[in-house]
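Structure, as structure tokens:
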Amino acid sequence: MSTLNTSKLDFLAHTLRQIVAGQIEPRRQRLVRQALSRLDSDAYGYCQECGIDIPYRDLEQQPERRCCSRCESNKER
Ligand SMILES: [Zn+2]
């Protein structure tokens, strides 16, 4: 069960839609669209690598993220 409540999800969905509507690089546009489809399928907010809940403060800064910060930094190595 995600720790994200409805108002947090609404805020993130709104932010994502604003990003999609704006002028952003195609790569980010794709990530944001993927995040929106995860919102529809209730898979949003979980790390795609290890499955934990991604902290809300991380989603707030980067709502299209797919992984928790630990998996992100593992990938960069
Ligand atoms: Zn992870």
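Ordered as shown in the structure tokens, chains take letters A, B, and onward, while each chain numbers its residues from 1 and ligands are numbered from 1 in the order shown.
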
| task | All residues within 12 Å of ligand 1 are required, counting only C-alpha atoms and all ligand atoms; please report them as a list in words. | result |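 What falls inside 12 Å of ligand 1 is Gly45, Tyr46, Cys47, Gln48, Glu49, Cys50, Gly51, Ile52, Asp53, Ile54, Pro55, Arg65, Arg66, Cys67, Cys68, Ser69, Arg70, Cys71, Glu72, Ser73, Asn74 and Lys75 of chain A.
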
| task | From stretch 20-70 of chain A, collect each residue whose DSSP state is alpha helix (DSSP H) and return the set as a ChimeraX atom specification. | result | /A:20-21,26-40,56-61,69-70

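In this comparison, which uses only C-alpha atoms, the residue of A:Leu4, A:Glu64, A:Ser41, A:Arg33 approaching A:Ala21 most closely is A:Arg33.
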
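Between atom CA of A:Thr15 and atom CA of A:Arg28 lies a distance of 13.4 Å.
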
| query | Do you know which residues are at most 12 Å from A:Pro63 counting only C-alpha atoms, after dropping those on the same chain fewer than 6 positions away, and could you put them as an NGL selection string? | reply | :A and (8-20 or 28-29 or 31-36 or 38-39 or 44-46 or 54-57)

Could you save the residues just selected, with N, CA and C atoms, as a PDB file, in the first residue's frame?
```pdb
ATOM      1  N   LYS A   8      -2.010  14.241  -2.079  1.00  0.00           N
ATOM      2  CA  LYS A   8      -0.637  14.250  -2.585  1.00  0.00           C
ATOM      3  C   LYS A   8      -0.592  13.761  -4.030  1.00  0.00           C
ATOM      4  N   LEU A   9      -1.342  12.698  -4.309  1.00  0.00           N
ATOM      5  CA  LEU A   9      -1.378  12.175  -5.680  1.00  0.00           C
ATOM      6  C   LEU A   9      -1.973  13.193  -6.644  1.00  0.00           C
ATOM      7  N   ASP A  10      -3.018  13.893  -6.194  1.00  0.00           N
ATOM      8  CA  ASP A  10      -3.628  14.932  -7.036  1.00  0.00           C
ATOM      9  C   ASP A  10      -2.622  16.011  -7.372  1.00  0.00           C
ATOM     10  N   PHE A  11      -1.850  16.399  -6.341  1.00  0.00           N
ATOM     11  CA  PHE A  11      -0.855  17.437  -6.561  1.00  0.00           C
ATOM     12  C   PHE A  11       0.196  16.978  -7.570  1.00  0.00           C
ATOM     13  N   LEU A  12       0.669  15.740  -7.424  1.00  0.00           N
ATOM     14  CA  LEU A  12       1.697  15.218  -8.326  1.00  0.00           C
ATOM     15  C   LEU A  12       1.150  15.057  -9.745  1.00  0.00           C
ATOM     16  N   ALA A  13      -0.093  14.589  -9.855  1.00  0.00           N
ATOM     17  CA  ALA A  13      -0.711  14.448 -11.177  1.00  0.00           C
ATOM     18  C   ALA A  13      -0.826  15.806 -11.857  1.00  0.00           C
ATOM     19  N   HIS A  14      -1.219  16.810 -11.073  1.00  0.00           N
ATOM     20  CA  HIS A  14      -1.327  18.169 -11.599  1.00  0.00           C
ATOM     21  C   HIS A  14       0.035  18.665 -12.074  1.00  0.00           C
ATOM     22  N   THR A  15       1.071  18.440 -11.266  1.00  0.00           N
ATOM     23  CA  THR A  15       2.424  18.864 -11.633  1.00  0.00           C
ATOM     24  C   THR A  15       2.877  18.173 -12.918  1.00  0.00           C
ATOM     25  N   LEU A  16       2.623  16.870 -13.000  1.00  0.00           N
ATOM     26  CA  LEU A  16       3.020  16.113 -14.195  1.00  0.00           C
ATOM     27  C   LEU A  16       2.315  16.646 -15.443  1.00  0.00           C
ATOM     28  N   ARG A  17       1.030  16.941 -15.325  1.00  0.00           N
ATOM     29  CA  ARG A  17       0.295  17.452 -16.491  1.00  0.00           C
ATOM     30  C   ARG A  17       0.819  18.812 -16.920  1.00  0.00           C
ATOM     31  N   GLN A  18       1.228  19.629 -15.932  1.00  0.00           N
ATOM     32  CA  GLN A  18       1.815  20.926 -16.266  1.00  0.00           C
ATOM     33  C   GLN A  18       3.133  20.750 -17.007  1.00  0.00           C
ATOM     34  N   ILE A  19       3.927  19.759 -16.573  1.00  0.00           N
ATOM     35  CA  ILE A  19       5.209  19.510 -17.236  1.00  0.00           C
ATOM     36  C   ILE A  19       4.973  19.062 -18.676  1.00  0.00           C
ATOM     37  N   VAL A  20       4.002  18.150 -18.863  1.00  0.00           N
ATOM     38  CA  VAL A  20       3.702  17.660 -20.208  1.00  0.00           C
ATOM     39  C   VAL A  20       3.228  18.801 -21.113  1.00  0.00           C
ATOM     40  N   ARG A  28      12.534  13.875 -21.162  1.00  0.00           N
ATOM     41  CA  ARG A  28      11.780  14.076 -19.940  1.00  0.00           C
ATOM     42  C   ARG A  28      10.281  13.941 -20.208  1.00  0.00           C
ATOM     43  N   GLN A  29       9.858  14.452 -21.367  1.00  0.00           N
ATOM     44  CA  GLN A  29       8.453  14.339 -21.770  1.00  0.00           C
ATOM     45  C   GLN A  29       7.995  12.874 -21.714  1.00  0.00           C
ATOM     46  N   LEU A  31       9.337  10.389 -19.937  1.00  0.00           N
ATOM     47  CA  LEU A  31       9.301   9.929 -18.548  1.00  0.00           C
ATOM     48  C   LEU A  31       8.049  10.416 -17.834  1.00  0.00           C
ATOM     49  N   VAL A  32       7.678  11.666 -18.129  1.00  0.00           N
ATOM     50  CA  VAL A  32       6.495  12.232 -17.479  1.00  0.00           C
ATOM     51  C   VAL A  32       5.233  11.517 -17.944  1.00  0.00           C
ATOM     52  N   ARG A  33       5.151  11.210 -19.232  1.00  0.00           N
ATOM     53  CA  ARG A  33       3.983  10.469 -19.746  1.00  0.00           C
ATOM     54  C   ARG A  33       3.897   9.073 -19.137  1.00  0.00           C
ATOM     55  N   GLN A  34       5.056   8.449 -18.976  1.00  0.00           N
ATOM     56  CA  GLN A  34       5.075   7.127 -18.338  1.00  0.00           C
ATOM     57  C   GLN A  34       4.593   7.233 -16.897  1.00  0.00           C
ATOM     58  N   ALA A  35       5.020   8.288 -16.203  1.00  0.00           N
ATOM     59  CA  ALA A  35       4.591   8.481 -14.817  1.00  0.00           C
ATOM     60  C   ALA A  35       3.073   8.661 -14.749  1.00  0.00           C
ATOM     61  N   LEU A  36       2.511   9.406 -15.702  1.00  0.00           N
ATOM     62  CA  LEU A  36       1.051   9.609 -15.720  1.00  0.00           C
ATOM     63  C   LEU A  36       0.315   8.289 -15.957  1.00  0.00           C
ATOM     64  N   ARG A  38       1.416   5.403 -15.046  1.00  0.00           N
ATOM     65  CA  ARG A  38       1.526   4.640 -13.791  1.00  0.00           C
ATOM     66  C   ARG A  38       0.512   5.144 -12.765  1.00  0.00           C
ATOM     67  N   LEU A  39       0.246   6.444 -12.789  1.00  0.00           N
ATOM     68  CA  LEU A  39      -0.789   6.997 -11.904  1.00  0.00           C
ATOM     69  C   LEU A  39      -2.137   6.342 -12.197  1.00  0.00           C
ATOM     70  N   TYR A  44       2.004   4.082  -9.372  1.00  0.00           N
ATOM     71  CA  TYR A  44       2.833   5.268  -9.186  1.00  0.00           C
ATOM     72  C   TYR A  44       3.348   5.366  -7.755  1.00  0.00           C
ATOM     73  N   GLY A  45       4.582   5.868  -7.628  1.00  0.00           N
ATOM     74  CA  GLY A  45       5.136   6.116  -6.301  1.00  0.00           C
ATOM     75  C   GLY A  45       5.994   4.981  -5.773  1.00  0.00           C
ATOM     76  N   TYR A  46       6.058   3.874  -6.526  1.00  0.00           N
ATOM     77  CA  TYR A  46       6.906   2.761  -6.118  1.00  0.00           C
ATOM     78  C   TYR A  46       8.160   2.722  -6.977  1.00  0.00           C
ATOM     79  N   ILE A  54       8.584   5.389  -2.929  1.00  0.00           N
ATOM     80  CA  ILE A  54       9.510   6.513  -3.108  1.00  0.00           C
ATOM     81  C   ILE A  54       9.055   7.644  -2.186  1.00  0.00           C
ATOM     82  N   PRO A  55       9.976   8.220  -1.393  1.00  0.00           N
ATOM     83  CA  PRO A  55       9.575   9.294  -0.470  1.00  0.00           C
ATOM     84  C   PRO A  55       8.897  10.460  -1.200  1.00  0.00           C
ATOM     85  N   TYR A  56       7.859  10.979  -0.564  1.00  0.00           N
ATOM     86  CA  TYR A  56       7.081  12.044  -1.196  1.00  0.00           C
ATOM     87  C   TYR A  56       7.923  13.264  -1.527  1.00  0.00           C
ATOM     88  N   ARG A  57       8.903  13.591  -0.654  1.00  0.00           N
ATOM     89  CA  ARG A  57       9.721  14.772  -0.935  1.00  0.00           C
ATOM     90  C   ARG A  57      10.524  14.606  -2.221  1.00  0.00           C
TER      91      ARG A  57
END
```

| note | atom CA of A:Gln23 sits from atom CA of A:Asp58 at a separation of 22.1 Å
